[in-house]
file structure-v2.tsv (TSV, C-alpha atoms)
chain	number	residue	atom	x	y	z
P	1	MET	CA	-27.28	35.22	41.24
P	2	SER	CA	-25.35	32.42	39.53
P	3	GLU	CA	-28.35	30.12	39.78
P	4	ALA	CA	-30.61	32.78	38.29
P	5	LEU	CA	-28.13	33.32	35.46
P	6	GLU	CA	-28.08	29.63	34.61
P	7	THR	CA	-31.86	29.29	34.82
P	8	LEU	CA	-32.62	32.31	32.65
P	9	ALA	CA	-29.90	31.47	30.14
P	10	LYS	CA	-31.51	28.03	29.69
P	11	LYS	CA	-34.91	29.65	29.36
P	12	ALA	CA	-33.56	32.00	26.68
P	13	ALA	CA	-32.14	29.07	24.72
P	14	ALA	CA	-35.45	27.23	24.87
P	15	LEU	CA	-37.42	30.29	23.77
P	16	ASP	CA	-35.05	30.93	20.87
P	17	ALA	CA	-35.31	27.30	19.78
P	18	ALA	CA	-39.11	27.57	19.64
P	19	ASP	CA	-39.15	31.02	17.95
P	20	GLU	CA	-40.90	30.93	14.56
P	21	LEU	CA	-39.30	34.25	13.59
P	22	ALA	CA	-35.71	33.31	14.51
P	23	ARG	CA	-34.81	32.41	10.93
P	24	HIS	CA	-35.36	36.02	9.84
P	25	ARG	CA	-32.29	37.14	11.78
P	26	ASP	CA	-30.07	35.83	8.97
P	27	LEU	CA	-31.69	38.33	6.60
P	28	PHE	CA	-29.96	41.21	8.37
P	29	ALA	CA	-26.39	42.49	8.53
P	30	LEU	CA	-25.56	42.15	12.23
P	31	ASP	CA	-22.24	41.90	14.04
P	32	ASP	CA	-21.35	38.75	15.93
P	33	GLY	CA	-21.20	39.39	19.64
P	34	VAL	CA	-23.21	42.62	19.47
P	35	VAL	CA	-26.73	42.92	20.87
P	36	TYR	CA	-28.49	45.57	18.81
P	37	LEU	CA	-31.38	47.06	20.78
P	38	ASP	CA	-31.67	50.39	18.99
P	39	GLY	CA	-33.85	49.33	16.07
P	40	ASN	CA	-36.49	51.71	17.42
P	41	SER	CA	-34.14	54.49	16.28
P	42	LEU	CA	-32.52	52.91	13.22
P	43	GLY	CA	-33.34	49.44	11.99
P	44	ALA	CA	-30.62	47.05	10.87
P	45	LEU	CA	-29.68	46.70	7.20
P	46	PRO	CA	-31.32	43.83	5.32
P	47	ARG	CA	-28.44	41.98	3.64
P	48	HIS	CA	-29.85	42.05	0.14
P	49	VAL	CA	-30.35	45.81	-0.09
P	50	PRO	CA	-26.78	46.76	-1.18
P	51	ALA	CA	-27.01	44.53	-4.26
P	52	ARG	CA	-30.36	46.05	-5.19
P	53	MET	CA	-28.97	49.56	-4.78
P	54	GLN	CA	-25.95	48.70	-6.91
P	55	ASP	CA	-28.36	47.81	-9.71
P	56	VAL	CA	-30.41	50.97	-9.16
P	57	ILE	CA	-27.32	53.15	-9.32
P	58	ALA	CA	-25.34	51.38	-12.03
P	59	ARG	CA	-28.13	50.29	-14.37
P	60	GLU	CA	-31.32	52.23	-13.69
P	61	TRP	CA	-29.56	55.55	-13.15
P	62	GLY	CA	-26.22	54.91	-14.86
P	63	GLN	CA	-27.51	53.31	-18.07
P	64	LEU	CA	-31.24	53.99	-18.42
P	65	ARG	CA	-31.03	57.46	-16.88
P	66	ILE	CA	-34.22	59.47	-17.57
P	67	ARG	CA	-35.92	56.41	-19.06
P	68	SER	CA	-36.09	54.85	-15.58
P	69	TRP	CA	-38.91	57.14	-14.53
P	70	GLU	CA	-41.10	54.99	-16.75
P	71	GLU	CA	-39.17	51.82	-17.55
P	72	SER	CA	-37.97	51.18	-13.96
P	73	GLY	CA	-41.17	52.34	-12.33
P	74	TRP	CA	-39.65	55.34	-10.55
P	75	TRP	CA	-42.69	57.54	-11.10
P	76	THR	CA	-45.14	55.14	-9.48
P	77	ALA	CA	-42.86	54.20	-6.56
P	78	PRO	CA	-44.61	56.36	-3.89
P	79	GLU	CA	-47.95	54.61	-4.36
P	80	ARG	CA	-46.47	51.17	-5.05
P	81	ILE	CA	-44.37	51.21	-1.89
P	82	GLY	CA	-47.31	52.67	0.02
P	83	ASP	CA	-49.31	49.60	-0.94
P	84	ARG	CA	-46.54	47.40	0.49
P	85	ILE	CA	-46.58	49.27	3.81
P	86	ALA	CA	-50.37	49.32	3.99
P	87	PRO	CA	-50.83	45.71	5.25
P	88	LEU	CA	-48.30	46.34	8.02
P	89	VAL	CA	-50.49	49.12	9.42
P	90	GLY	CA	-53.83	47.50	8.61
P	91	ALA	CA	-54.67	49.81	5.72
P	92	GLY	CA	-56.25	49.07	2.35
P	93	PRO	CA	-54.71	49.50	-1.09
P	94	GLY	CA	-54.57	53.06	-2.36
P	95	THR	CA	-54.62	54.70	1.07
P	96	VAL	CA	-50.88	55.07	1.78
P	97	VAL	CA	-48.34	57.13	-0.13
P	98	VAL	CA	-44.61	57.23	0.59
P	99	GLY	CA	-42.52	60.39	0.47
P	100	ASP	CA	-41.16	63.37	2.37
P	101	SER	CA	-40.37	63.19	6.10
P	102	THR	CA	-42.61	62.37	9.04
P	103	SER	CA	-42.60	66.04	10.03
P	104	VAL	CA	-43.78	67.15	6.59
P	105	ASN	CA	-46.49	64.50	6.58
P	106	VAL	CA	-47.66	65.51	10.07
P	107	PHE	CA	-48.10	69.03	8.69
P	108	LYS	CA	-50.05	67.81	5.66
P	109	ALA	CA	-52.29	65.54	7.71
P	110	LEU	CA	-53.01	67.94	10.55
P	111	VAL	CA	-53.82	70.93	8.36
P	112	ALA	CA	-55.98	68.76	6.10
P	113	ALA	CA	-57.81	67.38	9.16
P	114	VAL	CA	-58.51	70.89	10.47
P	115	ARG	CA	-59.82	71.96	7.08
P	116	LEU	CA	-62.10	68.93	6.95
P	117	ALA	CA	-63.43	69.65	10.43
P	118	GLY	CA	-64.85	73.03	9.43
P	119	ASP	CA	-64.49	76.66	10.44
P	120	ASP	CA	-66.64	76.37	13.58
P	121	ARG	CA	-64.02	74.19	15.31
P	122	ASP	CA	-61.08	76.25	16.46
P	123	GLU	CA	-59.06	73.93	18.70
P	124	ILE	CA	-56.35	71.35	18.08
P	125	LEU	CA	-55.47	68.90	20.83
P	126	VAL	CA	-52.00	67.39	20.86
P	127	ASP	CA	-50.32	64.70	22.93
P	128	ALA	CA	-48.18	66.62	25.45
P	129	SER	CA	-45.63	63.80	25.61
P	130	THR	CA	-45.26	63.67	21.83
P	131	PHE	CA	-41.95	63.64	20.02
P	132	PRO	CA	-41.06	67.35	20.04
P	133	THR	CA	-41.23	67.87	16.28
P	134	ASP	CA	-44.88	66.83	16.21
P	135	GLY	CA	-45.57	69.53	18.77
P	136	TYR	CA	-43.64	72.14	16.82
P	137	VAL	CA	-45.47	71.29	13.61
P	138	ALA	CA	-48.83	71.32	15.40
P	139	GLN	CA	-48.14	74.80	16.76
P	140	SER	CA	-47.29	76.04	13.28
P	141	ALA	CA	-50.39	74.38	11.81
P	142	ALA	CA	-52.53	76.04	14.47
P	143	ARG	CA	-51.11	79.49	13.66
P	144	MET	CA	-51.55	78.97	9.96
P	145	THR	CA	-55.17	77.82	10.23
P	146	GLY	CA	-56.19	80.35	12.90
P	147	ARG	CA	-56.76	77.71	15.58
P	148	HIS	CA	-55.39	77.47	19.07
P	149	ILE	CA	-53.64	74.45	20.46
P	150	ARG	CA	-53.85	72.57	23.75
P	151	ALA	CA	-51.24	70.03	24.80
P	152	LEU	CA	-52.54	67.36	27.16
P	153	PRO	CA	-51.35	64.01	28.50
P	154	PRO	CA	-52.93	61.29	26.33
P	155	ALA	CA	-54.99	60.03	29.29
P	156	GLU	CA	-56.72	63.43	29.50
P	157	ILE	CA	-57.49	63.93	25.82
P	158	VAL	CA	-60.83	62.12	25.67
P	159	ALA	CA	-62.25	64.12	28.59
P	160	ALA	CA	-61.11	67.36	26.91
P	161	LEU	CA	-62.92	66.74	23.62
P	162	GLY	CA	-65.74	69.09	22.79
P	163	PRO	CA	-67.66	70.90	20.03
P	164	ARG	CA	-64.68	73.19	19.40
P	165	THR	CA	-62.21	70.35	18.78
P	166	ALA	CA	-61.14	70.14	15.15
P	167	ALA	CA	-58.38	67.52	15.24
P	168	VAL	CA	-56.27	65.52	17.66
P	169	LEU	CA	-52.65	64.49	17.09
P	170	VAL	CA	-51.41	61.54	19.18
P	171	ASN	CA	-48.38	59.23	19.13
P	172	HIS	CA	-49.41	55.58	19.03
P	173	VAL	CA	-46.38	54.63	21.15
P	174	ASP	CA	-44.59	57.12	23.38
P	175	TYR	CA	-41.01	57.40	22.15
P	176	ARG	CA	-39.57	57.85	25.63
P	177	THR	CA	-41.49	55.38	27.80
P	178	GLY	CA	-42.79	52.84	25.28
P	179	ARG	CA	-46.38	53.37	26.45
P	180	LEU	CA	-48.95	52.21	23.88
P	181	ASN	CA	-51.90	54.58	23.62
P	182	ASP	CA	-55.41	53.30	22.96
P	183	LEU	CA	-55.81	53.93	19.23
P	184	PRO	CA	-59.22	52.22	18.84
P	185	GLY	CA	-60.81	53.81	21.90
P	186	MET	CA	-59.36	57.29	21.39
P	187	THR	CA	-60.18	57.32	17.69
P	188	ALA	CA	-63.81	56.41	18.41
P	189	ALA	CA	-64.08	59.11	21.09
P	190	ILE	CA	-62.49	61.76	18.87
P	191	GLN	CA	-64.82	61.00	16.01
P	192	SER	CA	-67.86	60.88	18.30
P	193	ALA	CA	-66.99	64.44	19.27
P	194	GLY	CA	-67.02	65.43	15.60
P	195	ALA	CA	-63.25	65.81	15.32
P	196	LEU	CA	-60.63	63.95	13.27
P	197	ALA	CA	-57.87	61.68	14.56
P	198	VAL	CA	-54.28	61.97	13.34
P	199	TRP	CA	-51.92	59.24	14.59
P	200	ASP	CA	-48.12	59.14	14.53
P	201	LEU	CA	-47.09	55.50	14.03
P	202	CYS	CA	-43.30	55.92	14.10
P	203	HIS	CA	-42.82	53.61	17.08
P	204	SER	CA	-45.55	51.09	16.29
P	205	ALA	CA	-45.52	50.28	12.57
P	206	GLY	CA	-43.63	47.04	12.09
P	207	ALA	CA	-43.77	46.17	15.80
P	208	LEU	CA	-47.46	45.60	16.44
P	209	PRO	CA	-50.85	45.53	14.69
P	210	VAL	CA	-52.24	49.02	14.09
P	211	GLY	CA	-55.56	48.43	12.32
P	212	LEU	CA	-56.01	51.79	10.59
P	213	GLY	CA	-58.85	50.51	8.42
P	214	GLU	CA	-60.49	48.40	11.10
P	215	HIS	CA	-60.64	51.32	13.50
P	216	GLY	CA	-61.58	53.99	10.96
P	217	VAL	CA	-58.57	56.22	11.60
P	218	ASP	CA	-58.77	59.47	9.64
P	219	PHE	CA	-55.09	60.20	9.03
P	220	ALA	CA	-51.81	58.59	10.04
P	221	VAL	CA	-48.13	59.22	9.42
P	222	GLY	CA	-44.95	57.35	10.19
P	223	CYS	CA	-41.28	56.92	9.45
P	224	THR	CA	-39.75	53.85	7.81
P	225	TYR	CA	-36.23	53.73	9.26
P	226	LYS	CA	-37.11	52.17	12.61
P	227	TYR	CA	-38.94	48.83	12.70
P	228	LEU	CA	-39.40	48.88	8.91
P	229	ASN	CA	-35.60	48.96	8.37
P	230	GLY	CA	-35.71	51.37	5.43
P	231	GLY	CA	-32.34	53.01	6.13
P	232	PRO	CA	-31.21	56.33	7.61
P	233	GLY	CA	-33.51	59.14	6.51
P	234	SER	CA	-35.68	56.80	4.44
P	235	PRO	CA	-38.93	58.46	3.30
P	236	ALA	CA	-41.97	58.55	5.54
P	237	TYR	CA	-45.56	57.71	4.64
P	238	LEU	CA	-48.98	59.31	4.83
P	239	TYR	CA	-52.28	57.48	5.27
P	240	VAL	CA	-55.53	59.16	4.23
P	241	ARG	CA	-58.74	57.22	4.80
P	242	GLY	CA	-60.40	56.40	1.51
P	243	ASP	CA	-63.57	58.43	2.00
P	244	HIS	CA	-61.53	61.51	3.00
P	245	GLN	CA	-59.38	61.44	-0.13
P	246	PRO	CA	-61.76	63.39	-2.43
P	247	ARG	CA	-61.77	66.23	0.15
P	248	PHE	CA	-58.12	65.97	1.20
P	249	ASP	CA	-56.98	69.58	0.91
P	250	THR	CA	-53.22	69.46	1.26
P	251	PRO	CA	-51.40	72.57	2.49
P	252	LEU	CA	-48.48	71.61	0.23
P	253	PRO	CA	-49.85	71.23	-3.29
P	254	GLY	CA	-47.09	70.21	-5.67
P	255	TRP	CA	-46.74	69.22	-9.26
P	256	ASN	CA	-46.47	65.53	-8.33
P	257	SER	CA	-50.00	65.53	-6.91
P	258	HIS	CA	-51.56	67.47	-9.80
P	259	GLU	CA	-54.12	65.65	-11.92
P	260	ASP	CA	-51.90	66.39	-14.93
P	261	PRO	CA	-48.37	66.74	-13.55
P	262	PHE	CA	-46.71	67.19	-16.92
P	263	GLY	CA	-49.29	69.66	-18.15
P	264	MET	CA	-47.45	72.36	-16.20
P	265	ARG	CA	-50.64	74.34	-15.78
P	266	PRO	CA	-50.61	77.37	-13.46
P	267	ALA	CA	-53.81	76.36	-11.67
P	268	TYR	CA	-53.59	73.48	-9.20
P	269	VAL	CA	-56.09	70.66	-9.63
P	270	PRO	CA	-55.44	67.66	-7.35
P	271	GLY	CA	-55.22	64.14	-8.67
P	272	ASP	CA	-57.33	61.28	-7.37
P	273	GLY	CA	-56.57	58.98	-4.45
P	274	ALA	CA	-53.39	58.64	-2.45
P	275	VAL	CA	-51.45	60.59	-5.07
P	276	ARG	CA	-52.83	63.74	-3.41
P	277	GLY	CA	-50.30	63.20	-0.64
P	278	ARG	CA	-47.36	63.71	-3.00
P	279	VAL	CA	-45.60	67.06	-3.31
P	280	GLY	CA	-42.36	67.19	-5.31
P	281	THR	CA	-39.97	64.82	-7.03
P	282	PRO	CA	-39.51	61.62	-4.98
P	283	ASP	CA	-36.10	60.83	-3.47
P	284	ILE	CA	-35.66	57.76	-5.63
P	285	LEU	CA	-32.50	56.25	-4.14
P	286	SER	CA	-33.92	56.23	-0.61
P	287	MET	CA	-37.31	55.21	-1.92
P	288	LEU	CA	-35.99	52.13	-3.71
P	289	ALA	CA	-33.76	51.14	-0.81
P	290	LEU	CA	-36.88	51.14	1.35
P	291	GLU	CA	-38.80	49.11	-1.21
P	292	SER	CA	-36.07	46.49	-1.24
P	293	ALA	CA	-35.84	46.44	2.57
P	294	LEU	CA	-39.56	45.67	2.81
P	295	ASP	CA	-38.86	42.25	1.24
P	296	VAL	CA	-37.99	40.95	4.72
P	297	TRP	CA	-41.70	41.26	5.59
P	298	ASP	CA	-42.87	38.86	2.91
P	299	GLY	CA	-44.95	36.16	4.61
P	300	VAL	CA	-44.49	37.60	8.11
P	301	PRO	CA	-47.77	37.97	10.07
P	302	ILE	CA	-47.72	41.10	12.18
P	303	GLU	CA	-49.55	39.17	14.92
P	304	ALA	CA	-46.53	36.87	15.28
P	305	VAL	CA	-44.27	39.90	15.52
P	306	ARG	CA	-46.43	41.32	18.29
P	307	ALA	CA	-46.47	38.05	20.22
P	308	LYS	CA	-42.68	37.82	20.12
P	309	SER	CA	-42.29	41.49	21.00
P	310	LEU	CA	-44.31	41.05	24.18
P	311	ALA	CA	-42.49	37.84	25.06
P	312	LEU	CA	-39.10	39.53	24.53
P	313	THR	CA	-39.91	42.57	26.64
P	314	ASP	CA	-41.44	40.39	29.36
P	315	PHE	CA	-38.33	38.24	29.42
P	316	PHE	CA	-35.95	41.21	29.47
P	317	LEU	CA	-37.82	42.71	32.43
P	318	GLU	CA	-37.65	39.33	34.17
P	319	CYS	CA	-33.88	39.19	33.65
P	320	VAL	CA	-33.39	42.76	34.82
P	321	GLU	CA	-35.34	42.06	38.00
P	322	ALA	CA	-33.33	38.90	38.65
P	323	TYR	CA	-29.87	40.28	37.82
P	324	VAL	CA	-29.73	44.01	38.58
P	325	PRO	CA	-29.34	45.00	42.23
P	326	ALA	CA	-32.57	46.35	43.73
P	327	GLY	CA	-33.02	50.09	43.45
P	328	ARG	CA	-30.51	50.67	40.66
P	329	VAL	CA	-33.10	50.85	37.86
P	330	SER	CA	-36.86	51.11	37.61
P	331	SER	CA	-39.00	50.50	34.56
P	332	VAL	CA	-41.05	53.39	33.19
P	333	THR	CA	-42.58	51.11	30.56
P	334	PRO	CA	-46.07	49.81	31.42
P	335	VAL	CA	-46.33	46.22	32.62
P	336	ALA	CA	-49.72	45.63	30.99
P	337	HIS	CA	-49.41	44.24	27.46
P	338	ALA	CA	-52.25	46.42	26.23
P	339	GLU	CA	-50.24	49.49	27.21
P	340	ARG	CA	-46.78	48.48	25.96
P	341	GLY	CA	-45.07	49.02	22.63
P	342	SER	CA	-41.90	47.15	21.64
P	343	GLN	CA	-39.37	48.76	23.92
P	344	VAL	CA	-38.35	48.85	27.56
P	345	SER	CA	-37.28	52.11	29.15
P	346	LEU	CA	-35.46	52.02	32.46
P	347	SER	CA	-34.89	55.00	34.73
P	348	CYS	CA	-31.30	54.92	35.94
P	349	GLU	CA	-28.99	57.35	37.73
P	350	GLY	CA	-26.16	58.34	35.40
P	351	ALA	CA	-28.01	56.82	32.45
P	352	GLY	CA	-25.85	58.54	29.83
P	353	GLU	CA	-22.63	57.07	31.17
P	354	VAL	CA	-24.27	53.69	31.71
P	355	MET	CA	-25.41	53.51	28.09
P	356	ARG	CA	-21.98	54.48	26.80
P	357	ALA	CA	-20.46	51.72	28.93
P	358	LEU	CA	-23.08	49.21	27.73
P	359	THR	CA	-22.32	50.08	24.11
P	360	ALA	CA	-18.62	49.48	24.76
P	361	ARG	CA	-19.60	46.04	26.08
P	362	GLY	CA	-21.50	45.23	22.89
P	363	VAL	CA	-25.05	46.09	23.99
P	364	VAL	CA	-26.39	48.94	21.88
P	365	GLY	CA	-29.42	50.82	23.16
P	366	ASP	CA	-29.86	54.54	23.58
P	367	PHE	CA	-30.19	57.27	26.19
P	368	ARG	CA	-32.96	59.81	26.60
P	369	ARG	CA	-32.35	62.72	28.94
P	370	PRO	CA	-32.39	63.05	31.80
P	371	ASP	CA	-32.24	59.47	33.07
P	372	VAL	CA	-33.73	56.93	30.63
P	373	LEU	CA	-32.03	53.85	29.21
P	374	ARG	CA	-34.07	52.85	26.17
P	375	PHE	CA	-33.97	49.35	24.68
P	376	GLY	CA	-35.86	48.61	21.47
P	377	PHE	CA	-36.79	45.02	20.66
P	378	THR	CA	-37.10	44.32	16.95
P	379	PRO	CA	-38.64	40.84	16.73
P	380	LEU	CA	-37.33	40.01	13.26
P	381	TYR	CA	-33.72	39.98	14.43
P	382	VAL	CA	-33.57	40.21	18.23
P	383	GLY	CA	-33.65	36.96	20.20
P	384	PHE	CA	-34.15	35.94	23.80
P	385	ALA	CA	-30.44	35.27	24.31
P	386	ASP	CA	-29.86	38.88	23.26
P	387	ALA	CA	-32.26	40.05	25.96
P	388	GLU	CA	-30.58	37.89	28.58
P	389	ARG	CA	-27.10	39.10	27.60
P	390	ALA	CA	-28.22	42.75	27.72
P	391	ALA	CA	-29.53	42.29	31.25
P	392	THR	CA	-26.33	40.47	32.28
P	393	GLN	CA	-24.13	43.32	31.05
P	394	LEU	CA	-26.38	45.93	32.67
P	395	ALA	CA	-26.13	44.09	35.99
P	396	ALA	CA	-22.34	43.85	35.67
P	397	LEU	CA	-22.17	47.64	35.31
P	398	LEU	CA	-24.57	48.41	38.14
P	399	GLY	CA	-23.64	45.60	40.56
call {"tool": "encode", "arguments": {"input": "structure-v2.tsv", "output": "structure tokens"}}
result
Amino acid sequence: MSEALETLAKKAAALDAADELARHRDLFALDDGVVYLDGNSLGALPRHVPARMQDVIAREWGQLRIRSWEESGWWTAPERIGDRIAPLVGAGPGTVVVGDSTSVNVFKALVAAVRLAGDDRDEILVDASTFPTDGYVAQSAARMTGRHIRALPPAEIVAALGPRTAAVLVNHVDYRTGRLNDLPGMTAAIQSAGALAVWDLCHSAGALPVGLGEHGVDFAVGCTYKYLNGGPGSPAYLYVRGDHQPRFDTPLPGWNSHEDPFGMRPAYVPGDGAVRGRVGTPDILSMLALESALDVWDGVPIEAVRAKSLALTDFFLECVEAYVPAGRVSSVTPVAHAERGSQVSLSCEGAGEVMRALTARGVVGDFRRPDVLRFGFTPLYVGFADAERAATQLAALLG
């Protein structure tokens, strides 16, 4: 064990020394001596954001007040910030709008997809392992649109497609296991069946290339407080493929998406482009905190992030295998790179107590019932020494 510790500690140091993304760690507010592996739930604070928010509050709100809707660019923030997120998910300008929550955007996207599919298609397929809210929203959307819903494991969705399928809602990365679903292949199969694909990117955006434009995805949604580091409850985003936008029939028409929002006309006429995804007044403080947080992505190729993510998770699994006594944990995260997101989930007896003890030792991950230890690896600020230390502390608890 001691020899393995020394060998892997040296390997971690060498990998960190060669890491082209290591310098980005200093951009974040992180505690010395703490290994933060819960960025797949809440990303760390970029250091410069508090100063930006002080200016937003004291000057833009405190001094300019109502003038800031125009003079500070508040009104155009949802589309402007959407254009900053777009490259991170492989989307083009004018296809992403920021606002509302992921749940609200799932509802907009799924209902709009069903409406685009036509009245002769009466079935919605949903990923059975999805984050529960997506399932709840899908059930409500099905009731509202007069469709019925079928929940299936992602591996069974393609075989279940047929002439009655209107839309399919799938998580790109499974929140519990870290499994990466086949977005290109599933999207192509869904569209070949005449249906529309709606993807939830909450656990992939900012961790790996998505390629929404390249793969012709119809709709996508995602949160911004995980790998995008937008802050607790930061607004989500909605992607609508460009050629769908003229027919995007939102179930939540609001004055912000009207072609003449200040005309206050009783009849709703949608605006053009991504603005159709807006509903009501944007939550400006959260919106501008997110915009500032996105500065950490300037000049960062998502391909480099993906390469480091895979190297980190590989190395963590190597350390766990070397340090933790056999039989105490087992990985439920796929070994194959093509099937892995940016987290490692370990099945462990007494996982809740183990995670509480790990947190007390300065290794912060999270627990998913009944028995999953979940460790998220955020490549912009997590290093290989962090991975090695996390495995060392886990072994100390389980040894």
call {"tool": "closest_atom_pairs", "arguments": {"input": "structure-v2.tsv", "of": "region 58-145 of chain P", "to": "region 296-312 of chain P", "cutoff": "9 Å", "atoms": "all atoms listed in the file", "output": "CSV"}}
result
residue,atom,partner,partner_atom,distance
P:Pro87,CA,P:Ile302,CA,8.9
P:Leu88,CA,P:Ile302,CA,6.7
P:Val89,CA,P:Ile302,CA,8.9
call {"tool": "write_last_selection", "arguments": {"input": "structure-v2.tsv", "atoms": "C-alpha atoms", "output": "short mmCIF file (atom, residue, chain, number, x, y, z; two decimals), in the coordinates of the input"}}
result
data_model
loop_
_atom_site.label_atom_id
_atom_site.label_comp_id
_atom_site.auth_asym_id
_atom_site.auth_seq_id
_atom_site.Cartn_x
_atom_site.Cartn_y
_atom_site.Cartn_z
CA PRO P 87 -50.83 45.71 5.25
CA LEU P 88 -48.30 46.34 8.02
CA VAL P 89 -50.49 49.12 9.42
#
call {"tool": "residues_around", "arguments": {"input": "structure-v2.tsv", "residues": "Thr165 (chain P)", "least_positions_apart": "4", "cutoff": "8 Å", "atoms": "only C-alpha atoms", "output": "PyMOL selection string"}}
result
chain P and resi 121-125+161+193-195
call {"tool": "write_last_selection", "arguments": {"input": "structure-v2.tsv", "atoms": "C-alpha atoms", "output": "mmCIF file, in the coordinates of the input"}}
result
data_model
loop_
_atom_site.group_PDB
_atom_site.id
_atom_site.type_symbol
_atom_site.label_atom_id
_atom_site.label_comp_id
_atom_site.auth_asym_id
_atom_site.auth_seq_id
_atom_site.Cartn_x
_atom_site.Cartn_y
_atom_site.Cartn_z
ATOM 1 C CA ARG P 121 -64.020 74.190 15.310
ATOM 2 C CA ASP P 122 -61.080 76.250 16.460
ATOM 3 C CA GLU P 123 -59.060 73.930 18.700
ATOM 4 C CA ILE P 124 -56.350 71.350 18.080
ATOM 5 C CA LEU P 125 -55.470 68.900 20.830
ATOM 6 C CA LEU P 161 -62.920 66.740 23.620
ATOM 7 C CA ALA P 193 -66.990 64.440 19.270
ATOM 8 C CA GLY P 194 -67.020 65.430 15.600
ATOM 9 C CA ALA P 195 -63.250 65.810 15.320
#
call {"tool": "residues_near_point", "arguments": {"input": "structure-v2.tsv", "point": "(-47.5, 47.1, 2.0)", "cutoff": "12 Å", "atoms": "all atoms listed in the file", "output": "VMD selection string"}}
result
chain P and resid 78 to 98 205 to 206 224 228 237 239 290 to 300 302
call {"tool": "closest_residue", "arguments": {"input": "structure-v2.tsv", "among": "P:Val240, P:Met287, P:Val320, P:Ala128", "to": "Gly273 (chain P)", "atoms": "all atoms listed in the file"}}
result
P:Val240
call {"tool": "closest_residue", "arguments": {"input": "structure-v2.tsv", "among": "P:Ala44, P:Ala160, P:Leu373, P:Val104", "to": "Tyr136 (chain P)", "atoms": "only C-alpha atoms"}}
result
P:Val104
call {"tool": "atom_distance", "arguments": {"input": "structure-v2.tsv", "atom1": "CA of Ala167 (chain P)", "atom2": "CA of Ala117 (chain P)"}}
result
7.3 Å
call {"tool": "closest_residue", "arguments": {"input": "structure-v2.tsv", "among": "P:Leu346, P:Leu201, P:Ala159, P:Leu380", "to": "Arg368 (chain P)", "atoms": "only C-alpha atoms"}}
result
P:Leu346
call {"tool": "atom_distance", "arguments": {"input": "structure-v2.tsv", "atom1": "CA of Trp69 (chain P)", "atom2": "CA of Ser103 (chain P)"}}
result
26.4 Å
call {"tool": "residues_near_point", "arguments": {"input": "structure-v2.tsv", "point": "(-31.0, 32.7, 30.6)", "cutoff": "12 Å", "atoms": "all atoms listed in the file", "output": "ChimeraX atom specification"}}
result
/P:1-16,315-316,318-320,322-323,383-392
call {"tool": "atom_distance", "arguments": {"input": "structure-v2.tsv", "atom1": "CA of Gly341 (chain P)", "atom2": "CA of Leu169 (chain P)"}}
result
18.1 Å
call {"tool": "closest_residue", "arguments": {"input": "structure-v2.tsv", "among": "P:Tyr227, P:Asp174, P:Glu156, P:Met144", "to": "Ser129 (chain P)", "atoms": "only C-alpha atoms"}}
result
P:Asp174
